[in-house]
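Participant: My questions all concern the structure below.
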Amino acid sequence: GVNLRLHSWFSRPIVDNGVMRGVIAETKEGPQAILGDVVIDTTGDIDVASRAGASYVKDSYLTTLVFRLGGVDTAEAERFEQADPKAARLINKKIKRVLGGAWELWWLKTPVPGVVWCNAPHMTGYDGTDPTSMTSAEFAARDRIAEAVALCRQTLPGFENAYIVDVAEQMGVRQTRLLQGEYVVTAEDVHSRRHFADTVARGRDYYTPYRALLPKEVDQLLVAGRHYSATPQAQKMSREIPPCMAMGQAAGVAAALAADRGCTVREVPAPNIQAVMRKFGADPGDQPSANATVTTASTEGTDV
């Protein structure tokens, strides 16, 4: 029952007396209005919510650009690392310095023989909402990738014949605008593994309340993803892929429940969202882990 629509780019919101009614999308046929009972902003930068009047803060973190290499003798690379781990660490340290930082294992095997996934130029000082800044970031990242690949060929056994297979089609941006919604998740919430009665998404023992998906100023609008309502410090620790996916499912469920019942998304009870997510095999985080700091609905605050 999904009417999927591609090749349409968000341009501006349609808001009527504080209620989200839809969006204007740019298309090959020109601007078109797309209306709906509920709008969910999953742009990652709250492009929709910010222009609709929702409050937010703005900060920045890392930009990254992952890539893949082919022609890699992974067996030889692993043999070298096991036979001479000290030399391997020194070489990999130089490569990671060129990349600007990466995980301890900057390359990982893929199911395709000879192809490895690489993580990745880590760069600061770029604004993920500024097209000029992001253009500069694209060039800078590719320069680092080219330099790292040349160094691999020269110094790292198994990578003598490595070549670039592809580069991610979109720059990875970790942080830009962050919603300041019904509840703002704090770094202490994440550190203490604070559990909320209205939790609808969980990460590695940290929890996201439904209120963190709700703008204060605009009705019938939800957000989901790395731009959820959090302080910049909390978002740096919690903007991981699995909880962002869970937020998306929670927002979709909430929108469907609101449409079915003819109520606002703000009025949808969190336990109902949790129950539907459980029904479909998801873990909304409603059941806290043993190491969680548990709060009740009566003791929870509604702001920072």
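Chain identifiers are assigned as A, B, and so on, following the order in which chains appear in the structure tokens; residues are numbered from 1 within each chain, and ligands are numbered from 1 in order of appearance.
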Which residues of range 64-162 of chain A come within 8 Å of range 169-191 of chain A, and for each one, what is the closest pair of atoms and their distance in Å to one decimal, counting only C-alpha atoms, sorted by chain and residue number, as a tab-separated table?

Facilitator:
residue	atom	partner	partner_atom	distance
A:Thr64	CA	A:Gly172	CA	4.8
A:Leu65	CA	A:Met171	CA	5.2
A:Val66	CA	A:Gly172	CA	8.0
A:Asp127	CA	A:Thr176	CA	7.2
A:Gly128	CA	A:Val173	CA	6.0
A:Thr129	CA	A:Thr176	CA	6.8
A:Met134	CA	A:Met171	CA	8.0
A:Glu138	CA	A:Met171	CA	7.0

Participant: Keeping N, CA, C and O atoms for every residue in the selection just given, could you write it to a file as an mmCIF file, in the first residue's frame?

Facilitator:
data_model
loop_
_atom_site.group_PDB
_atom_site.id
_atom_site.type_symbol
_atom_site.label_atom_id
_atom_site.label_comp_id
_atom_site.auth_asym_id
_atom_site.auth_seq_id
_atom_site.Cartn_x
_atom_site.Cartn_y
_atom_site.Cartn_z
ATOM 1 N N THR A 64 33.230 12.246 6.493
ATOM 2 C CA THR A 64 34.001 11.081 6.064
ATOM 3 C C THR A 64 33.532 10.635 4.686
ATOM 4 O O THR A 64 32.419 10.946 4.273
ATOM 5 N N LEU A 65 34.392 9.891 3.996
ATOM 6 C CA LEU A 65 34.031 9.378 2.682
ATOM 7 C C LEU A 65 34.646 7.983 2.540
ATOM 8 O O LEU A 65 35.857 7.841 2.326
ATOM 9 N N VAL A 66 33.818 6.963 2.687
ATOM 10 C CA VAL A 66 34.331 5.595 2.593
ATOM 11 C C VAL A 66 34.569 5.217 1.131
ATOM 12 O O VAL A 66 34.007 5.829 0.219
ATOM 13 N N ASP A 127 31.112 22.269 6.788
ATOM 14 C CA ASP A 127 29.714 22.481 7.158
ATOM 15 C C ASP A 127 28.833 21.639 6.242
ATOM 16 O O ASP A 127 28.745 21.906 5.035
ATOM 17 N N GLY A 128 28.183 20.640 6.816
ATOM 18 C CA GLY A 128 27.354 19.732 6.032
ATOM 19 C C GLY A 128 26.106 20.349 5.453
ATOM 20 O O GLY A 128 25.410 19.703 4.659
ATOM 21 N N THR A 129 25.790 21.594 5.815
ATOM 22 C CA THR A 129 24.627 22.275 5.228
ATOM 23 C C THR A 129 25.021 23.324 4.200
ATOM 24 O O THR A 129 24.152 23.991 3.637
ATOM 25 N N MET A 134 30.862 21.669 1.304
ATOM 26 C CA MET A 134 30.826 20.239 1.011
ATOM 27 C C MET A 134 31.529 19.911 -0.303
ATOM 28 O O MET A 134 32.110 18.836 -0.458
ATOM 29 N N GLU A 138 34.590 17.206 -0.656
ATOM 30 C CA GLU A 138 34.667 16.114 -1.626
ATOM 31 C C GLU A 138 36.059 16.048 -2.261
ATOM 32 O O GLU A 138 36.647 14.973 -2.386
#

Participant: Which residues in range 5-186 of chain A does DSSP call helix (DSSP H, G or I)? List them as a ChimeraX atom specification.

Facilitator: /A:47-52,74-83,85-99,131-155

Participant: Can you pull out every residue within 7 Å of Ala33 in chain A, counting only C-alpha atoms, but drop anything in the same chain fewer than 5 positions away, and send it as a ChimeraX atom specification?

Facilitator: /A:23-25

Participant: Which residue out of A:Thr124, A:Gln82, A:Ser133, A:Ser11 has the minimum interatomic distance to Gly100 in chain A when only C-alpha atoms are used?

Facilitator: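 The closest residue to Gly100 in chain A is A:Thr124.
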
Participant: Out of A:Ile46, A:Arg12, A:Phe280, A:Gly18, which residue has the shortest atom-to-atom distance to Ile34 in chain A when counting only C-alpha atoms?

Facilitator: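 Between A:Ile46, A:Arg12, A:Phe280, A:Gly18, the residue approaching Ile34 in chain A most closely is A:Arg12.
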
Participant: Quick one: everything within 10 Å of Pro215 in chain A, counting only C-alpha atoms, minus sequence neighbours fewer than 6 positions away in the same chain. Send it as number ranges by chain.

Facilitator: A: 49-50, 52-56, 179-183, 221-223, 228-229, 266

Participant: Next, write the just-selected residues to a file, as a CSV table (one decimal), in the first residue's frame, keeping all heavy atoms as the atom set.

Facilitator:
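Once written, again_33.csv looks like this:
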chain,number,residue,atom,x,y,z
A,49,ALA,N,12.1,20.2,9.1
A,49,ALA,CA,11.7,20.7,10.4
A,49,ALA,C,12.2,22.1,10.6
A,49,ALA,O,11.5,23.0,11.1
A,49,ALA,CB,12.1,19.7,11.5
A,50,SER,N,13.5,22.3,10.3
A,50,SER,CA,14.1,23.6,10.5
A,50,SER,C,13.4,24.7,9.7
A,50,SER,O,13.1,25.8,10.2
A,50,SER,CB,15.6,23.6,10.2
A,50,SER,OG,15.8,23.4,8.8
A,52,ALA,N,10.3,24.5,8.7
A,52,ALA,CA,8.9,24.6,9.2
A,52,ALA,C,8.8,25.4,10.5
A,52,ALA,O,7.6,25.6,10.9
A,52,ALA,CB,8.4,23.2,9.4
A,53,GLY,N,9.9,25.8,11.1
A,53,GLY,CA,9.8,26.6,12.3
A,53,GLY,C,10.2,25.8,13.6
A,53,GLY,O,10.1,26.4,14.7
A,54,ALA,N,10.7,24.6,13.5
A,54,ALA,CA,11.1,23.9,14.7
A,54,ALA,C,12.4,24.4,15.2
A,54,ALA,O,13.3,24.8,14.4
A,54,ALA,CB,11.2,22.4,14.4
A,55,SER,N,12.6,24.5,16.5
A,55,SER,CA,13.8,25.0,17.0
A,55,SER,C,14.9,24.0,16.9
A,55,SER,O,14.7,22.7,17.0
A,55,SER,CB,13.6,25.4,18.5
A,55,SER,OG,13.1,24.3,19.3
A,56,TYR,N,16.1,24.4,16.8
A,56,TYR,CA,17.3,23.5,16.7
A,56,TYR,C,18.5,24.3,17.1
A,56,TYR,O,18.6,25.5,17.2
A,56,TYR,CB,17.4,23.1,15.2
A,56,TYR,CG,17.7,24.1,14.2
A,56,TYR,CD1,19.1,24.5,13.9
A,56,TYR,CD2,16.7,24.8,13.6
A,56,TYR,CE1,19.4,25.5,13.0
A,56,TYR,CE2,17.0,25.8,12.6
A,56,TYR,CZ,18.3,26.1,12.4
A,56,TYR,OH,18.6,27.1,11.4
A,179,LEU,N,17.6,18.9,16.2
A,179,LEU,CA,16.3,19.3,16.8
A,179,LEU,C,16.4,19.6,18.3
A,179,LEU,O,17.1,18.9,19.0
A,179,LEU,CB,15.2,18.2,16.5
A,179,LEU,CG,13.8,18.5,17.0
A,179,LEU,CD1,13.1,19.6,16.2
A,179,LEU,CD2,13.0,17.2,17.1
A,180,GLN,N,15.6,20.6,18.7
A,180,GLN,CA,15.5,20.8,20.2
A,180,GLN,C,14.0,20.6,20.4
A,180,GLN,O,13.2,21.5,20.4
A,180,GLN,CB,15.9,22.2,20.5
A,180,GLN,CG,17.4,22.4,20.2
A,180,GLN,CD,18.3,21.6,21.0
A,180,GLN,OE1,18.6,21.8,22.2
A,180,GLN,NE2,18.8,20.5,20.4
A,181,GLY,N,13.6,19.3,20.7
A,181,GLY,CA,12.2,19.0,20.7
A,181,GLY,C,11.6,18.9,22.1
A,181,GLY,O,12.1,19.5,23.0
A,182,GLU,N,10.6,18.0,22.2
A,182,GLU,CA,9.9,17.9,23.5
A,182,GLU,C,10.8,17.4,24.6
A,182,GLU,O,10.6,17.8,25.7
A,182,GLU,CB,8.8,16.8,23.3
A,182,GLU,CG,7.6,17.3,22.4
A,182,GLU,CD,6.7,18.3,23.1
A,182,GLU,OE1,6.8,18.4,24.4
A,182,GLU,OE2,5.9,19.0,22.4
A,183,TYR,N,11.8,16.6,24.2
A,183,TYR,CA,12.9,16.3,25.2
A,183,TYR,C,14.2,16.3,24.5
A,183,TYR,O,14.3,15.9,23.3
A,183,TYR,CB,12.7,14.9,25.8
A,183,TYR,CG,13.7,14.5,26.8
A,183,TYR,CD1,13.5,14.9,28.2
A,183,TYR,CD2,14.9,13.9,26.5
A,183,TYR,CE1,14.5,14.6,29.1
A,183,TYR,CE2,15.8,13.6,27.5
A,183,TYR,CZ,15.6,14.0,28.8
A,183,TYR,OH,16.6,13.7,29.7
A,221,LEU,N,4.4,16.6,12.6
A,221,LEU,CA,5.7,16.5,12.1
A,221,LEU,C,6.6,15.6,13.0
A,221,LEU,O,6.5,15.9,14.2
A,221,LEU,CB,6.3,17.9,11.9
A,221,LEU,CG,7.8,17.9,11.4
A,221,LEU,CD1,8.0,17.3,10.1
A,221,LEU,CD2,8.3,19.4,11.4
A,222,LEU,N,7.3,14.7,12.5
A,222,LEU,CA,8.2,13.8,13.2
A,222,LEU,C,9.6,13.9,12.6
A,222,LEU,O,9.7,14.2,11.4
A,222,LEU,CB,7.7,12.4,13.3
A,222,LEU,CG,6.5,12.1,14.1
A,222,LEU,CD1,5.9,10.7,13.7
A,222,LEU,CD2,6.8,12.1,15.6
A,223,VAL,N,10.6,13.6,13.4
A,223,VAL,CA,11.9,13.5,12.8
A,223,VAL,C,12.5,12.1,13.2
A,223,VAL,O,12.1,11.5,14.2
A,223,VAL,CB,12.9,14.6,13.4
A,223,VAL,CG1,12.3,16.0,13.2
A,223,VAL,CG2,13.3,14.4,14.8
A,228,TYR,N,18.1,13.9,15.5
A,228,TYR,CA,17.0,13.9,16.5
A,228,TYR,C,17.4,14.9,17.7
A,228,TYR,O,18.4,15.5,17.7
A,228,TYR,CB,16.9,12.5,17.1
A,228,TYR,CG,17.9,12.0,18.1
A,228,TYR,CD1,17.5,11.9,19.4
A,228,TYR,CD2,19.2,11.8,17.8
A,228,TYR,CE1,18.4,11.5,20.4
A,228,TYR,CE2,20.1,11.4,18.8
A,228,TYR,CZ,19.7,11.2,20.1
A,228,TYR,OH,20.6,10.8,21.0
A,229,SER,N,16.4,15.0,18.6
A,229,SER,CA,16.6,16.1,19.6
A,229,SER,C,17.6,15.6,20.7
A,229,SER,O,17.4,14.8,21.5
A,229,SER,CB,15.2,16.3,20.3
A,229,SER,OG,15.3,17.3,21.3
A,266,ARG,N,1.5,13.8,18.4
A,266,ARG,CA,1.8,14.1,19.8
A,266,ARG,C,0.9,13.3,20.8
A,266,ARG,O,1.3,13.1,21.9
A,266,ARG,CB,1.7,15.6,20.0
A,266,ARG,CG,2.6,16.2,21.0
A,266,ARG,CD,2.4,17.7,21.1
A,266,ARG,NE,2.6,18.4,19.9
A,266,ARG,CZ,3.8,18.7,19.4
A,266,ARG,NH1,4.9,18.4,20.1
A,266,ARG,NH2,3.9,19.3,18.2

Participant: By how many Å are CA of Met20 in chain A and CA of Pro131 in chain A apart?

Facilitator: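 CA of Pro131 in chain A lies at a distance of 26.7 Å from CA of Met20 in chain A.
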
Participant: Please identify all polymer residues within 7 Å of Asn161 in chain A, counting only C-alpha atoms, omitting same-chain residues fewer than 4 positions from it, and present them as JSON, numbers by chain.

Facilitator: {"A": [71, 72, 153]}

Participant: Could you name the residues that touch Asp283 in chain A at 9 Å or less, counting only C-alpha atoms, but leaving out those on the same chain fewer than 2 positions away, as a PyMOL selection string?

Facilitator: chain A and resi 200-202+246+274+277-278+281+285-287

Participant: For the residues selected in the previous step, produce a file with N, CA, C and O atoms as a PDB file, in the first residue's frame.

Facilitator:
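Below is the file that was written, again.pdb:
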ATOM      1  N   VAL A 200      11.576   4.485  22.381  1.00  0.00           N
ATOM      2  CA  VAL A 200      11.143   3.830  21.151  1.00  0.00           C
ATOM      3  C   VAL A 200      12.317   3.383  20.280  1.00  0.00           C
ATOM      4  O   VAL A 200      12.122   2.824  19.199  1.00  0.00           O
ATOM      5  N   ALA A 201      13.545   3.635  20.748  1.00  0.00           N
ATOM      6  CA  ALA A 201      14.724   3.189  20.004  1.00  0.00           C
ATOM      7  C   ALA A 201      15.858   3.001  20.998  1.00  0.00           C
ATOM      8  O   ALA A 201      15.961   3.742  21.982  1.00  0.00           O
ATOM      9  N   ARG A 202      16.697   2.011  20.726  1.00  0.00           N
ATOM     10  CA  ARG A 202      17.823   1.786  21.615  1.00  0.00           C
ATOM     11  C   ARG A 202      19.105   1.613  20.808  1.00  0.00           C
ATOM     12  O   ARG A 202      19.086   1.125  19.672  1.00  0.00           O
ATOM     13  N   ALA A 246      15.955   2.342  14.027  1.00  0.00           N
ATOM     14  CA  ALA A 246      14.838   2.120  14.946  1.00  0.00           C
ATOM     15  C   ALA A 246      13.974   3.368  15.070  1.00  0.00           C
ATOM     16  O   ALA A 246      12.739   3.277  15.140  1.00  0.00           O
ATOM     17  N   GLN A 274       5.458   1.096  20.985  1.00  0.00           N
ATOM     18  CA  GLN A 274       6.315  -0.006  21.420  1.00  0.00           C
ATOM     19  C   GLN A 274       5.685  -1.360  21.083  1.00  0.00           C
ATOM     20  O   GLN A 274       6.362  -2.271  20.600  1.00  0.00           O
ATOM     21  N   MET A 277       5.888  -2.104  17.329  1.00  0.00           N
ATOM     22  CA  MET A 277       7.254  -2.438  16.951  1.00  0.00           C
ATOM     23  C   MET A 277       7.611  -3.853  17.399  1.00  0.00           C
ATOM     24  O   MET A 277       8.247  -4.615  16.654  1.00  0.00           O
ATOM     25  N   ARG A 278       7.216  -4.218  18.600  1.00  0.00           N
ATOM     26  CA  ARG A 278       7.445  -5.583  19.087  1.00  0.00           C
ATOM     27  C   ARG A 278       6.738  -6.606  18.188  1.00  0.00           C
ATOM     28  O   ARG A 278       7.280  -7.671  17.889  1.00  0.00           O
ATOM     29  N   GLY A 281       8.766  -7.557  15.349  1.00  0.00           N
ATOM     30  CA  GLY A 281      10.080  -8.108  15.625  1.00  0.00           C
ATOM     31  C   GLY A 281      11.155  -7.102  15.963  1.00  0.00           C
ATOM     32  O   GLY A 281      12.332  -7.464  16.053  1.00  0.00           O
ATOM     33  N   GLY A 285      13.323  -0.856  22.803  1.00  0.00           N
ATOM     34  CA  GLY A 285      14.013  -0.453  24.022  1.00  0.00           C
ATOM     35  C   GLY A 285      13.093  -0.266  25.204  1.00  0.00           C
ATOM     36  O   GLY A 285      13.481   0.328  26.215  1.00  0.00           O
ATOM     37  N   ASP A 286      11.860  -0.767  25.103  1.00  0.00           N
ATOM     38  CA  ASP A 286      10.918  -0.603  26.205  1.00  0.00           C
ATOM     39  C   ASP A 286      11.307  -1.438  27.418  1.00  0.00           C
ATOM     40  O   ASP A 286      10.894  -1.141  28.543  1.00  0.00           O
ATOM     41  N   GLN A 287      12.101  -2.473  27.209  1.00  0.00           N
ATOM     42  CA  GLN A 287      12.560  -3.315  28.299  1.00  0.00           C
ATOM     43  C   GLN A 287      14.016  -2.975  28.604  1.00  0.00           C
ATOM     44  O   GLN A 287      14.914  -3.311  27.835  1.00  0.00           O
TER      45      GLN A 287
END

Participant: Where does DSSP see strand (DSSP E or B) in range 8-254 of chain A, if you list the residues as a VMD selection string?

Facilitator: chain A and resid 9 to 16 19 to 27 30 to 35 39 to 41 56 to 58 63 to 64 67 to 70 107 to 109 116 to 118 122 to 123 163 to 167 172 to 173 177 to 179 185 194 to 195 199 to 202 207 to 209 219 221 to 223 230

Participant: Just want the 12 Å neighbourhood of Thr155 in chain A, counted on only C-alpha atoms, with same-chain residues fewer than 2 positions away dropped. Output as a list in words.

Facilitator: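 Using only C-alpha atoms, the neighbours found are Ala77, Phe80, Ala87, Ala88, Arg89, Leu90, Ile91, Asn92, Lys93, Lys94, Ile95, Ala148, Val149, Ala150, Leu151, Cys152, Arg153, Pro157, Gly158, Phe159, Glu160, Asn161 and Ala162 of chain A.
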
Participant: Taking only C-alpha atoms into account, name the residue in A:His122, A:Arg51, A:Arg68, A:Arg79 that is nearest to Thr110 in chain A.

Facilitator: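 Checking each of A:His122, A:Arg51, A:Arg68, A:Arg79 against Thr110 in chain A, counting only C-alpha atoms, the winner is A:Arg68.
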
Participant: Quick one: of A:Val218, A:Leu99, A:Val39, A:Val48, who's nearest to Ala259 in chain A, counting only C-alpha atoms?

Facilitator: A:Val39

Participant: From the options A:Trp107, A:Asp198, A:Asp37, A:Gln154, which residue's atoms come nearest to Gly262 in chain A, counting only C-alpha atoms?

Facilitator: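 The shortest atom-to-atom distance to Gly262 in chain A comes from A:Asp37.
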